[in-house]
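Listing of start-v2.pdb; format and content: PDB, C-alpha atoms and all ligand atoms.
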```pdb
ATOM      1  CA  MET Q  64      -5.615-106.425 -68.456
ATOM      2  CA  VAL Q  65      -7.661-103.421 -69.515
ATOM      3  CA  THR Q  66     -11.347-102.705 -69.078
ATOM      4  CA  VAL Q  67     -13.248-100.746 -71.696
ATOM      5  CA  ILE Q  68     -16.712 -99.699 -70.544
ATOM      6  CA  ARG Q  69     -18.884 -98.679 -73.470
ATOM      7  CA  ALA Q  70     -21.268 -95.784 -72.852
ATOM      8  CA  LYS Q  71     -23.446 -93.301 -74.709
ATOM      9  CA  ARG Q  72     -22.536 -89.641 -74.505
ATOM     10  CA  ARG Q  73     -24.682 -87.465 -72.278
ATOM     11  CA  SER Q  74     -23.224 -84.196 -73.503
ATOM     12  CA  ARG Q  75     -22.208 -82.641 -76.811
ATOM     13  CA  VAL Q  76     -19.224 -83.963 -78.705
ATOM     14  CA  LEU Q  77     -17.761 -80.575 -79.596
ATOM     15  CA  THR Q  78     -17.053 -78.598 -76.474
ATOM     16  CA  SER Q  79     -14.905 -75.629 -75.632
ATOM     17  CA  SER Q  80     -11.921 -76.091 -73.349
ATOM     18  CA  GLY Q  81     -11.339 -73.971 -70.271
ATOM     19  CA  LEU Q  82      -7.602 -73.971 -70.971
ATOM     20  CA  ALA Q  83      -6.569 -70.778 -72.695
ATOM     21  CA  CYS Q  84      -4.349 -72.423 -75.357
ATOM     22  CA  LEU Q  85      -7.072 -74.908 -76.288
ATOM     23  CA  SER Q  86      -9.933 -72.440 -76.365
ATOM     24  CA  VAL Q  87      -9.089 -71.571 -79.983
ATOM     25  CA  LEU Q  88     -10.636 -74.821 -81.258
ATOM     26  CA  PRO Q  89     -13.609 -76.984 -80.298
ATOM     27  CA  THR Q  90     -12.432 -80.070 -78.428
ATOM     28  CA  ILE Q  91     -13.447 -83.726 -78.651
ATOM     29  CA  ASN Q  92     -13.157 -86.151 -75.748
ATOM     30  CA  LEU Q  93     -13.338 -89.780 -76.788
ATOM     31  CA  THR Q  94     -12.962 -91.452 -73.419
ATOM     32  CA  ALA Q  95     -13.059 -90.779 -69.703
ATOM     33  CA  GLY Q  96      -9.756 -91.986 -68.300
ATOM     34  CA  CYS Q  97      -6.788 -93.091 -70.380
ATOM     35  CA  LEU Q  98      -5.254 -96.543 -70.720
ATOM     36  CA  HIS Q  99      -1.703 -95.248 -70.840
ATOM     37  CA  ASP Q 100      -1.857 -94.922 -67.045
ATOM     38  CA  CYS Q 101       0.896 -92.309 -66.849
ATOM     39  CA  VAL Q 102       1.664 -92.034 -63.154
ATOM     40  CA  TYR Q 103       1.929 -88.228 -63.339
ATOM     41  CA  CYS Q 104      -1.363 -87.783 -65.197
ATOM     42  CA  TYR Q 105      -3.655 -84.956 -64.061
ATOM     43  CA  VAL Q 106      -6.680 -86.979 -65.281
ATOM     44  CA  ARG Q 107      -6.326 -89.058 -62.114
ATOM     45  CA  GLY Q 108      -7.812 -86.145 -60.205
ATOM     46  CA  TYR Q 109     -10.909 -85.826 -62.421
ATOM     47  CA  ARG Q 110     -14.283 -86.681 -60.921
ATOM     48  CA  ASN Q 111     -15.061 -89.097 -63.770
ATOM     49  CA  TYR Q 112     -11.681 -90.904 -63.636
ATOM     50  CA  PRO Q 113     -12.622 -94.607 -63.819
ATOM     51  CA  GLY Q 114      -9.376 -95.938 -62.282
ATOM     52  CA  GLU Q 115      -6.157 -97.449 -63.617
ATOM     53  CA  SER Q 116      -6.356 -99.513 -66.817
ATOM     54  CA  ARG Q 117     -10.064 -98.663 -67.182
ATOM     55  CA  ILE Q 118     -11.769 -96.261 -69.523
ATOM     56  CA  VAL Q 119     -15.277 -95.274 -70.471
ATOM     57  CA  LEU Q 120     -15.436 -95.181 -74.272
ATOM     58  CA  TYR Q 121     -18.106 -92.902 -75.716
ATOM     59  CA  GLU Q 122     -19.016 -95.312 -78.484
ATOM     60  CA  ASP Q 123     -21.588 -93.077 -80.205
ATOM     61  CA  THR Q 124     -19.133 -90.196 -80.699
ATOM     62  CA  LEU Q 125     -18.989 -90.476 -84.494
ATOM     63  CA  GLU Q 126     -22.751 -90.668 -84.928
ATOM     64  CA  ARG Q 127     -23.314 -87.747 -82.562
ATOM     65  CA  LEU Q 128     -20.602 -85.711 -84.258
ATOM     66  CA  ARG Q 129     -22.261 -86.288 -87.627
ATOM     67  CA  GLN Q 130     -25.563 -85.029 -86.187
ATOM     68  CA  GLU Q 131     -24.003 -81.985 -84.530
ATOM     69  CA  LEU Q 132     -22.192 -80.920 -87.675
ATOM     70  CA  GLY Q 133     -25.310 -81.607 -89.747
ATOM     71  CA  ARG Q 134     -27.252 -79.156 -87.567
ATOM     72  CA  SER Q 135     -24.578 -76.452 -87.689
ATOM     73  CA  ARG Q 136     -24.809 -73.775 -90.376
ATOM     74  CA  THR Q 137     -21.008 -73.756 -90.680
ATOM     75  CA  LYS Q 138     -18.290 -76.185 -89.725
ATOM     76  CA  PRO Q 139     -15.237 -75.512 -87.564
ATOM     77  CA  HIS Q 140     -12.067 -75.314 -89.645
ATOM     78  CA  ALA Q 141     -10.380 -77.697 -87.218
ATOM     79  CA  VAL Q 142     -10.972 -79.591 -83.985
ATOM     80  CA  TYR Q 143      -8.659 -80.591 -81.163
ATOM     81  CA  PHE Q 144      -8.673 -84.042 -79.577
ATOM     82  CA  SER Q 145      -8.397 -83.613 -75.845
ATOM     83  CA  PRO Q 146      -5.055 -84.827 -74.498
ATOM     84  CA  SER Q 147      -6.918 -86.202 -71.477
ATOM     85  CA  SER Q 148      -8.279 -88.995 -73.694
ATOM     86  CA  ASP Q 149      -5.445 -89.957 -76.008
ATOM     87  CA  LEU Q 150      -6.623 -91.004 -79.488
ATOM     88  CA  PHE Q 151      -4.174 -93.883 -79.654
ATOM     89  CA  GLN Q 152      -4.714 -95.844 -76.465
ATOM     90  CA  PRO Q 153      -3.868 -99.549 -76.582
ATOM     91  CA  ALA Q 154      -7.374-100.971 -77.184
ATOM     92  CA  ASP Q 155      -8.767-101.905 -80.607
ATOM     93  CA  GLU Q 156     -12.117-100.261 -79.825
ATOM     94  CA  VAL Q 157     -10.397 -96.903 -79.246
ATOM     95  CA  LEU Q 158      -8.073 -97.185 -82.239
ATOM     96  CA  ASP Q 159     -10.927 -98.150 -84.594
ATOM     97  CA  LEU Q 160     -13.169 -95.325 -83.408
ATOM     98  CA  SER Q 161     -10.325 -92.801 -83.595
ATOM     99  CA  HIS Q 162      -9.552 -93.858 -87.163
ATOM    100  CA  ALA Q 163     -13.210 -93.622 -88.187
ATOM    101  CA  ILE Q 164     -13.610 -90.144 -86.659
ATOM    102  CA  LEU Q 165     -10.433 -88.864 -88.295
ATOM    103  CA  ALA Q 166     -11.538 -90.238 -91.687
ATOM    104  CA  PHE Q 167     -14.971 -88.594 -91.265
ATOM    105  CA  LEU Q 168     -13.480 -85.219 -90.337
ATOM    106  CA  PHE Q 169     -11.087 -85.305 -93.290
ATOM    107  CA  ARG Q 170     -13.988 -86.057 -95.663
ATOM    108  CA  GLN Q 171     -15.642 -82.906 -94.303
ATOM    109  CA  GLY Q 172     -12.450 -80.896 -94.904
ATOM    110  CA  ILE Q 173     -12.070 -80.321 -91.145
ATOM    111  CA  GLY Q 174      -8.547 -80.214 -89.716
ATOM    112  CA  VAL Q 175      -7.426 -82.105 -86.610
ATOM    113  CA  ALA Q 176      -4.897 -81.368 -83.905
ATOM    114  CA  PHE Q 177      -3.877 -83.957 -81.353
ATOM    115  CA  LEU Q 178      -1.268 -84.850 -78.789
ATOM    116  CA  THR Q 179      -0.439 -88.507 -78.282
ATOM    117  CA  LYS Q 180       1.923 -90.782 -76.413
ATOM    118  CA  GLY Q 181       0.433 -93.882 -77.987
ATOM    119  CA  GLY Q 182       1.282 -96.232 -80.807
ATOM    120  CA  ILE Q 183      -0.434 -94.982 -83.971
ATOM    121  CA  PRO Q 184      -1.563 -97.882 -86.186
ATOM    122  CA  GLU Q 185       0.062 -98.050 -89.615
ATOM    123  CA  ARG Q 186      -3.246 -97.501 -91.465
ATOM    124  CA  THR Q 187      -3.903 -94.346 -89.395
ATOM    125  CA  ILE Q 188      -0.410 -93.030 -90.123
ATOM    126  CA  ARG Q 189      -1.227 -93.464 -93.829
ATOM    127  CA  LEU Q 190      -4.553 -91.655 -93.358
ATOM    128  CA  LEU Q 191      -2.814 -88.755 -91.582
ATOM    129  CA  ILE Q 192      -0.174 -88.527 -94.303
ATOM    130  CA  ASP Q 193      -2.854 -88.569 -97.012
ATOM    131  CA  HIS Q 194      -4.430 -85.506 -95.330
ATOM    132  CA  ALA Q 195      -1.217 -83.918 -94.087
ATOM    133  CA  GLN Q 196      -2.409 -80.362 -94.733
ATOM    134  CA  LEU Q 197      -5.328 -80.963 -92.339
ATOM    135  CA  VAL Q 198      -3.219 -82.323 -89.477
ATOM    136  CA  ARG Q 199      -1.237 -80.766 -86.623
ATOM    137  CA  ALA Q 200       0.389 -83.551 -84.612
ATOM    138  CA  GLN Q 201       2.202 -83.388 -81.312
ATOM    139  CA  ILE Q 202       3.986 -86.474 -80.045
ATOM    140  CA  GLY Q 203       4.673 -86.491 -76.310
ATOM    141  CA  LEU Q 204       8.155 -87.712 -75.460
ATOM    142  CA  ILE Q 205       9.446 -86.956 -71.972
ATOM    143  CA  THR Q 206      12.542 -89.177 -71.994
ATOM    144  CA  LEU Q 207      14.603 -91.516 -74.156
ATOM    145  CA  ASP Q 208      15.252 -93.713 -71.129
ATOM    146  CA  GLU Q 209      13.159 -96.858 -71.642
ATOM    147  CA  GLU Q 210      13.246 -97.663 -67.919
ATOM    148  CA  ILE Q 211      11.941 -94.251 -66.808
ATOM    149  CA  SER Q 212       9.334 -94.365 -69.547
ATOM    150  CA  GLN Q 213       8.202 -97.827 -68.432
ATOM    151  CA  VAL Q 214       7.758 -96.660 -64.827
ATOM    152  CA  PHE Q 215       6.138 -93.306 -65.560
ATOM    153  CA  GLU Q 216       4.128 -94.148 -68.699
ATOM    154  CA  PRO Q 217       3.595 -97.900 -68.331
ATOM    155  CA  HIS Q 218       1.259 -98.454 -71.278
ATOM    156  CA  ALA Q 219       2.298 -95.719 -73.684
ATOM    157  CA  ALA Q 220       4.362 -96.484 -76.796
ATOM    158  CA  SER Q 221       8.083 -96.878 -76.169
ATOM    159  CA  PRO Q 222      10.315 -93.828 -76.795
ATOM    160  CA  ARG Q 223      11.785 -95.652 -79.796
ATOM    161  CA  THR Q 224       8.323 -96.173 -81.325
ATOM    162  CA  ARG Q 225       7.393 -92.550 -80.746
ATOM    163  CA  LEU Q 226      10.553 -91.365 -82.475
ATOM    164  CA  ALA Q 227       9.836 -93.687 -85.408
ATOM    165  CA  GLN Q 228       6.302 -92.282 -85.627
ATOM    166  CA  MET Q 229       7.620 -88.735 -85.683
ATOM    167  CA  ARG Q 230       9.981 -89.684 -88.486
ATOM    168  CA  ALA Q 231       7.161 -91.321 -90.480
ATOM    169  CA  LEU Q 232       4.773 -88.374 -90.039
ATOM    170  CA  ILE Q 233       7.378 -85.705 -90.773
ATOM    171  CA  SER Q 234       8.697 -87.482 -93.831
ATOM    172  CA  GLY Q 235       5.079 -87.849 -94.988
ATOM    173  CA  GLY Q 236       4.640 -84.060 -94.779
ATOM    174  CA  VAL Q 237       2.553 -83.927 -91.563
ATOM    175  CA  PRO Q 238       3.360 -80.872 -89.393
ATOM    176  CA  THR Q 239       4.603 -82.654 -86.269
ATOM    177  CA  GLU Q 240       6.035 -81.260 -83.057
ATOM    178  CA  ALA Q 241       7.484 -82.944 -79.997
ATOM    179  CA  ARG Q 242       6.160 -82.271 -76.510
ATOM    180  CA  LEU Q 243       8.405 -82.737 -73.480
ATOM    181  CA  ASP Q 244       5.760 -82.493 -70.829
ATOM    182  CA  PRO Q 245       6.191 -83.161 -68.030
ATOM    183  CA  ILE Q 246       9.890 -82.754 -67.455
ATOM    184  CA  LEU Q 247      10.580 -84.660 -64.224
ATOM    185  CA  PRO Q 248      12.881 -82.521 -62.050
ATOM    186  CA  THR Q 249      16.091 -84.355 -61.079
ATOM    187  CA  LEU Q 250      15.187 -87.353 -63.296
ATOM    188  CA  THR Q 251      14.936 -86.032 -66.866
ATOM    189  CA  ASP Q 252      16.337 -82.508 -66.741
ATOM    190  CA  LYS Q 253      20.099 -83.055 -66.773
ATOM    191  CA  PRO Q 254      21.984 -81.220 -69.562
ATOM    192  CA  VAL Q 255      23.521 -84.409 -70.942
ATOM    193  CA  GLU Q 256      20.109 -86.118 -71.220
ATOM    194  CA  LEU Q 257      18.498 -83.054 -72.754
ATOM    195  CA  ASP Q 258      21.264 -82.894 -75.332
ATOM    196  CA  ARG Q 259      20.672 -86.553 -76.280
ATOM    197  CA  HIS Q 260      16.941 -85.943 -76.343
ATOM    198  CA  PHE Q 261      17.038 -82.991 -78.731
ATOM    199  CA  ALA Q 262      19.698 -84.701 -80.861
ATOM    200  CA  ALA Q 263      17.314 -87.658 -81.323
ATOM    201  CA  LEU Q 264      14.413 -85.311 -82.137
ATOM    202  CA  ALA Q 265      16.506 -83.410 -84.675
ATOM    203  CA  GLN Q 266      17.536 -86.676 -86.268
ATOM    204  CA  VAL Q 267      13.912 -87.597 -87.028
ATOM    205  CA  GLY Q 268      13.262 -84.140 -88.461
ATOM    206  CA  VAL Q 269      11.616 -82.273 -85.544
ATOM    207  CA  LYS Q 270      11.918 -78.483 -85.854
ATOM    208  CA  ARG Q 271       9.604 -77.350 -83.067
ATOM    209  CA  ALA Q 272       8.966 -78.593 -79.552
ATOM    210  CA  ALA Q 273       7.044 -77.507 -76.474
ATOM    211  CA  ALA Q 274       7.772 -78.228 -72.836
ATOM    212  CA  GLY Q 275       6.298 -78.104 -69.363
ATOM    213  CA  VAL Q 276       7.542 -79.197 -65.942
ATOM    214  CA  LEU Q 277       5.677 -81.661 -63.723
ATOM    215  CA  PHE Q 278       3.114 -80.013 -61.474
ATOM    216  CA  LEU Q 279       1.524 -81.697 -58.496
ATOM    217  CA  ARG Q 280      -2.018 -82.053 -57.275
ATOM    218  CA  SER Q 281      -2.982 -84.394 -54.448
ATOM    219  CA  ALA Q 282      -4.124 -87.197 -56.823
ATOM    220  CA  ILE Q 283      -0.840 -86.964 -58.738
ATOM    221  CA  ARG Q 284       1.247 -87.051 -55.566
ATOM    222  CA  ARG Q 285      -0.684 -90.122 -54.349
ATOM    223  CA  SER Q 286      -0.160 -91.843 -57.699
ATOM    224  CA  LEU Q 287       3.598 -91.154 -57.664
ATOM    225  CA  GLU Q 288       3.867 -92.473 -54.103
ATOM    226  CA  LYS Q 289       1.920 -95.612 -55.034
ATOM    227  CA  ASN Q 290       3.519 -96.410 -58.394
ATOM    228  CA  ILE Q 291       7.194 -95.512 -58.109
ATOM    229  CA  ALA Q 292       8.828 -98.512 -56.441
ATOM    230  CA  ASP Q 293      12.301 -96.963 -56.542
ATOM    231  CA  ARG Q 294      12.034 -94.906 -53.339
ATOM    232  CA  GLU Q 295      15.283 -93.072 -54.049
ATOM    233  CA  LYS Q 296      13.935 -91.780 -57.357
ATOM    234  CA  LEU Q 297      10.646 -90.872 -55.704
ATOM    235  CA  ALA Q 298      12.366 -88.981 -52.873
ATOM    236  CA  SER Q 299      14.549 -87.141 -55.352
ATOM    237  CA  LEU Q 300      11.568 -86.137 -57.496
ATOM    238  CA  LEU Q 301       9.293 -85.048 -54.659
ATOM    239  CA  GLY Q 302      12.213 -83.400 -52.849
ATOM    240  CA  ALA Q 303      12.407 -80.919 -55.709
ATOM    241  CA  TYR Q 304       8.966 -79.626 -54.691
ATOM    242  CA  ARG Q 305      10.016 -78.510 -51.248
ATOM    243  CA  GLY Q 306       9.184 -74.827 -51.149
ATOM    244  CA  GLU Q 307       6.720 -75.430 -54.000
ATOM    245  CA  GLU Q 308       4.554 -72.547 -55.211
ATOM    246  CA  GLN Q 309       0.793 -72.582 -55.413
ATOM    247  CA  ALA Q 310      -0.368 -71.545 -58.860
ATOM    248  CA  VAL Q 311      -3.489 -71.523 -60.955
ATOM    249  CA  MET Q 312      -3.603 -73.036 -64.419
ATOM    250  CA  ARG Q 313      -4.297 -70.188 -66.823
ATOM    251  CA  GLY Q 314      -7.855 -70.213 -68.112
ATOM    252  CA  ALA Q 315      -8.946 -73.360 -66.261
ATOM    253  CA  LYS Q 316      -8.815 -72.009 -62.682
ATOM    254  CA  ILE Q 317      -7.288 -75.283 -61.472
ATOM    255  CA  ALA Q 318      -5.020 -75.008 -58.436
ATOM    256  CA  ILE Q 319      -1.657 -76.712 -58.918
ATOM    257  CA  GLN Q 320       1.589 -77.007 -56.993
ATOM    258  CA  ASN Q 321       4.455 -75.838 -59.121
ATOM    259  CA  LEU Q 322       8.181 -76.036 -58.769
ATOM    260  CA  THR Q 323       9.506 -72.656 -57.654
ATOM    261  CA  SER Q 324       9.768 -70.125 -60.475
ATOM    262  CA  LYS Q 325      13.548 -70.048 -59.984
ATOM    263  CA  ARG Q 326      13.831 -73.830 -60.576
ATOM    264  CA  ARG Q 327      11.472 -73.690 -63.565
ATOM    265  CA  ARG Q 328      13.434 -70.822 -65.105
ATOM    266  CA  GLU Q 329      16.647 -72.832 -64.730
ATOM    267  CA  ILE Q 330      15.095 -75.928 -66.319
ATOM    268  CA  PHE Q 331      13.602 -73.998 -69.239
ATOM    269  CA  ALA Q 332      16.935 -72.253 -69.822
ATOM    270  CA  ARG Q 333      18.641 -75.665 -70.044
ATOM    271  CA  LEU Q 334      15.925 -76.950 -72.365
ATOM    272  CA  LYS Q 335      16.173 -73.930 -74.647
ATOM    273  CA  ALA Q 336      19.963 -74.189 -74.846
ATOM    274  CA  ALA Q 337      19.783 -77.906 -75.714
ATOM    275  CA  ALA Q 338      16.984 -77.353 -78.250
ATOM    276  CA  GLU Q 339      18.792 -74.474 -79.953
ATOM    277  CA  ALA Q 340      21.996 -76.498 -80.181
ATOM    278  CA  HIS Q 341      20.069 -78.912 -82.414
ATOM    279  CA  GLY Q 342      18.188 -76.296 -84.422
ATOM    280  CA  ILE Q 343      14.866 -76.829 -82.622
ATOM    281  CA  GLU Q 344      12.616 -73.946 -81.597
ATOM    282  CA  LEU Q 345      11.222 -74.469 -78.096
ATOM    283  CA  SER Q 346       8.084 -72.984 -76.553
ATOM    284  CA  VAL Q 347       7.045 -73.214 -72.938
ATOM    285  CA  CYS Q 348       3.578 -74.256 -71.727
ATOM    286  CA  VAL Q 349       2.224 -70.878 -70.641
ATOM    287  CA  CYS Q 350      -0.918 -72.244 -68.953
ATOM    288  CA  LYS Q 351       1.235 -73.742 -66.194
ATOM    289  CA  ASN Q 352       3.864 -70.987 -66.229
ATOM    290  CA  ALA Q 353       1.932 -67.766 -66.533
ATOM    291  CA  ASP Q 354       4.365 -66.191 -64.016
ATOM    292  CA  ILE Q 355       7.447 -66.704 -66.184
ATOM    293  CA  ALA Q 356       6.361 -67.251 -69.807
ATOM    294  CA  ARG Q 357       4.391 -65.389 -72.449
ATOM    295  CA  GLY Q 358       2.677 -66.340 -75.695
ATOM    296  CA  SER Q 359       1.544 -69.904 -76.355
ATOM    297  CA  CYS Q 360       2.988 -73.398 -76.682
ATOM    298  CA  TYR Q 361       0.647 -73.915 -79.669
ATOM    299  CA  ILE Q 362      -0.729 -77.145 -78.260
ATOM    300  CA  ALA Q 363      -3.654 -76.859 -80.682
ATOM    301  CA  GLY Q 364      -1.322 -76.225 -83.627
ATOM    302  CA  THR Q 365      -1.127 -73.098 -85.721
ATOM    303  CA  TRP Q 366      -3.786 -72.593 -88.366
ATOM    304  CA  ALA Q 367      -4.278 -69.926 -90.995
ATOM    305  CA  ARG Q 368      -6.836 -67.562 -89.500
ATOM    306  CA  ARG Q 369     -10.155 -67.068 -91.223
ATOM    307  CA  SER Q 370     -12.268 -64.052 -90.402
ATOM    308  CA  SER Q 371     -15.292 -66.271 -89.745
ATOM    309  CA  ASP Q 372     -13.517 -68.438 -87.140
ATOM    310  CA  ALA Q 373     -15.012 -66.690 -84.135
ATOM    311  CA  VAL Q 374     -18.501 -67.140 -85.558
ATOM    312  CA  GLN Q 375     -17.830 -70.788 -86.284
ATOM    313  CA  LEU Q 376     -16.598 -71.475 -82.789
ATOM    314  CA  ALA Q 377     -19.630 -69.784 -81.315
ATOM    315  CA  LEU Q 378     -21.848 -72.019 -83.458
ATOM    316  CA  VAL Q 379     -20.382 -75.272 -82.296
ATOM    317  CA  LYS Q 380     -20.465 -74.429 -78.590
TER     318      LYS Q 380
HETATM  319  S1  LIG S   1      -1.232 -90.210 -72.315
HETATM  320 FE1  LIG S   1      -1.860 -88.271 -71.449
HETATM  321  S2  LIG S   1      -4.010 -88.589 -70.809
HETATM  322 FE2  LIG S   1      -3.088 -90.621 -71.142
HETATM  323  S3  LIG S   1      -2.402 -91.251 -69.110
HETATM  324 FE3  LIG S   1      -0.647 -90.282 -70.171
HETATM  325  S4  LIG S   1      -0.717 -88.103 -69.538
HETATM  326 FE4  LIG S   1      -2.727 -89.019 -69.041
END
```
What is this structure when it is put down as structure tokens?
Ligand code: SF4
Amino acid sequence: MVTVIRAKRRSRVLTSSGLACLSVLPTINLTAGCLHDCVYCYVRGYRNYPGESRIVLYEDTLERLRQELGRSRTKPHAVYFSPSSDLFQPADEVLDLSHAILAFLFRQGIGVAFLTKGGIPERTIRLLIDHAQLVRAQIGLITLDEEISQVFEPHAASPRTRLAQMRALISGGVPTEARLDPILPTLTDKPVELDRHFAALAQVGVKRAAAGVLFLRSAIRRSLEKNIADREKLASLLGAYRGEEQAVMRGAKIAIQNLTSKRRREIFARLKAAAEAHGIELSVCVCKNADIARGSCYIAGTWARRSSDAVQLALVK
């Protein structure tokens, strides 16, 4: 049973993200909260988090976006849909609005980047394929294990569906990457599982992937303790954070508890080896690993640079 609370936006549609990797594009937030209810989700700690299986849907987003772009002298070349309000949550109201906004942006010639763990409706897959050159898709897939997925991402699409979606998008010409974030230490980081994981990604045509390891904040820890019934799994996961390191998410100034840098280095080394064995290039989420990684995980996609981009971004702020 899900609750969708309809509300009017009080702030602008196009905003700039505090996260360094996302600051390259204006961001759109469609909802507060997310119906996928991932038990590790950082959104649970947000002040406007409406609770499990509840969202606030900003129903006037399309209308307001039209007005904002109408007032702007130039348009952004692309926008990013915030991963904290997945475009493809399991509610018709969200899916319809997402489709309408995507169609509007494509008519304007504006590109879109998004990360999803949801089931993308068939008609939206067709829309994305029809505008493949304007799309940068990331599909989140943290495990192939249906049982782990069911416990940790109870209302997201099944791993099998997400793989099928990647295959459909890639074969339709849409630049699509996989995102393994968060890796759950001791549960999803064993070499044999990673090998299976990257083999399955390679089979559907994935060439690039990005990864991050679970970080904790108090709301996330509470959620894990409440939602993981298998106490052995819970103890094993949280046990990995003994000796945890305090860190700050790059750009956003959010305090997080990270696995020690030694453990993260080991996990990323395993991931890279497994990815390379299947011809997949792997990047690491730098925002959460500024101490051990450089560059970017390209969460907002890569876009041909235009000299006027900086001006355009300034205009939509
Ligand atoms: S899909 Fe993303 S935003 Fe939604 S609950 Fe899962 S982690 Fe949070």
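All residues, whether protein, DNA or RNA, that have an atom at most 7 Å from ligand LIG 1 (chain S) (counting only C-alpha atoms and all ligand atoms) are Cys97, Leu98, His99, Asp100, Cys101, Tyr103, Cys104, Tyr105, Val106, Pro146, Ser147, Ser148, Asp149, Thr179, Lys180, Gly181, Glu216 and Ala219 of chain Q.
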Now that the selection is made, can you save its residues with C-alpha atoms as a PDB file, in the coordinates of the input?
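For reference, again_6.pdb as written:
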```pdb
ATOM      1  CA  CYS Q  97      -6.788 -93.091 -70.380  1.00  0.00           C
ATOM      2  CA  LEU Q  98      -5.254 -96.543 -70.720  1.00  0.00           C
ATOM      3  CA  HIS Q  99      -1.703 -95.248 -70.840  1.00  0.00           C
ATOM      4  CA  ASP Q 100      -1.857 -94.922 -67.045  1.00  0.00           C
ATOM      5  CA  CYS Q 101       0.896 -92.309 -66.849  1.00  0.00           C
ATOM      6  CA  TYR Q 103       1.929 -88.228 -63.339  1.00  0.00           C
ATOM      7  CA  CYS Q 104      -1.363 -87.783 -65.197  1.00  0.00           C
ATOM      8  CA  TYR Q 105      -3.655 -84.956 -64.061  1.00  0.00           C
ATOM      9  CA  VAL Q 106      -6.680 -86.979 -65.281  1.00  0.00           C
ATOM     10  CA  PRO Q 146      -5.055 -84.827 -74.498  1.00  0.00           C
ATOM     11  CA  SER Q 147      -6.918 -86.202 -71.477  1.00  0.00           C
ATOM     12  CA  SER Q 148      -8.279 -88.995 -73.694  1.00  0.00           C
ATOM     13  CA  ASP Q 149      -5.445 -89.957 -76.008  1.00  0.00           C
ATOM     14  CA  THR Q 179      -0.439 -88.507 -78.282  1.00  0.00           C
ATOM     15  CA  LYS Q 180       1.923 -90.782 -76.413  1.00  0.00           C
ATOM     16  CA  GLY Q 181       0.433 -93.882 -77.987  1.00  0.00           C
ATOM     17  CA  GLU Q 216       4.128 -94.148 -68.699  1.00  0.00           C
ATOM     18  CA  ALA Q 219       2.298 -95.719 -73.684  1.00  0.00           C
TER      19      ALA Q 219
END
```
Open item on the list: On this structure, the PyMOL selection byres (((chain Q and resi 286) around 12) and not hetatm) would catch which residues? List them as a ChimeraX atom specification, sorted by chain and number.
Closed with: /Q:100-108,114-115,214-215,279-285,287-292,297
- [ ] Determine the residue set returned by the PyMOL selection byres (((chain Q and resi 168) around 12) and not hetatm) for the present structure, and present it as an NGL selection string.
- [x] :Q and (91 or 125 or 128-129 or 132 or 138-144 or 161-167 or 169-176 or 190-191 or 194 or 197-198)
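Counting only C-alpha atoms, the residue from Q:His260, Q:Arg305, Q:Arg69, Q:Arg186 that sits nearest to Thr323 (chain Q) is Q:Arg305.
For region 329-336 of chain Q, the residues within 7 Å (counting only C-alpha atoms, excluding itself and residues fewer than 5 positions away along the chain) are Q:Asp252, Q:Pro254, Q:Leu257, Q:Leu345.
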Task: Selection near Gly236 (chain Q), 8 Å with only C-alpha atoms, sequence-local residues under 6 positions removed, as a ChimeraX atom specification - done: /Q:192,195-196
Task: CA of Thr94 (chain Q) to CA of Leu120 (chain Q), distance in Å rounded to a single decimal - done: 4.6 Å
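Between CA of Pro184 (chain Q) and CA of Lys71 (chain Q) there is a distance of 25.1 Å.
CA of His218 (chain Q) to CA of Ile343 (chain Q) spans 28.0 Å [interatomic distance, one decimal].
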Task: Residues matched by the PyMOL selection byres (((chain Q and resi 228) around 10) and not hetatm) as a list in words - done: Gly181, Gly182, Ile183, Pro184, Glu185, Ile188, Ile202, Ala220, Pro222, Arg223, Thr224, Arg225, Leu226, Ala227, Met229, Arg230, Ala231, Leu232, Ile233, Ser234, Thr239 and Val267 of chain Q
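For the choices Q:Ser324, Q:Gln266, Q:Thr251, Q:Asn352, the atom-to-atom distance to Leu300 (chain Q) is smallest for Q:Thr251 when using only C-alpha atoms.
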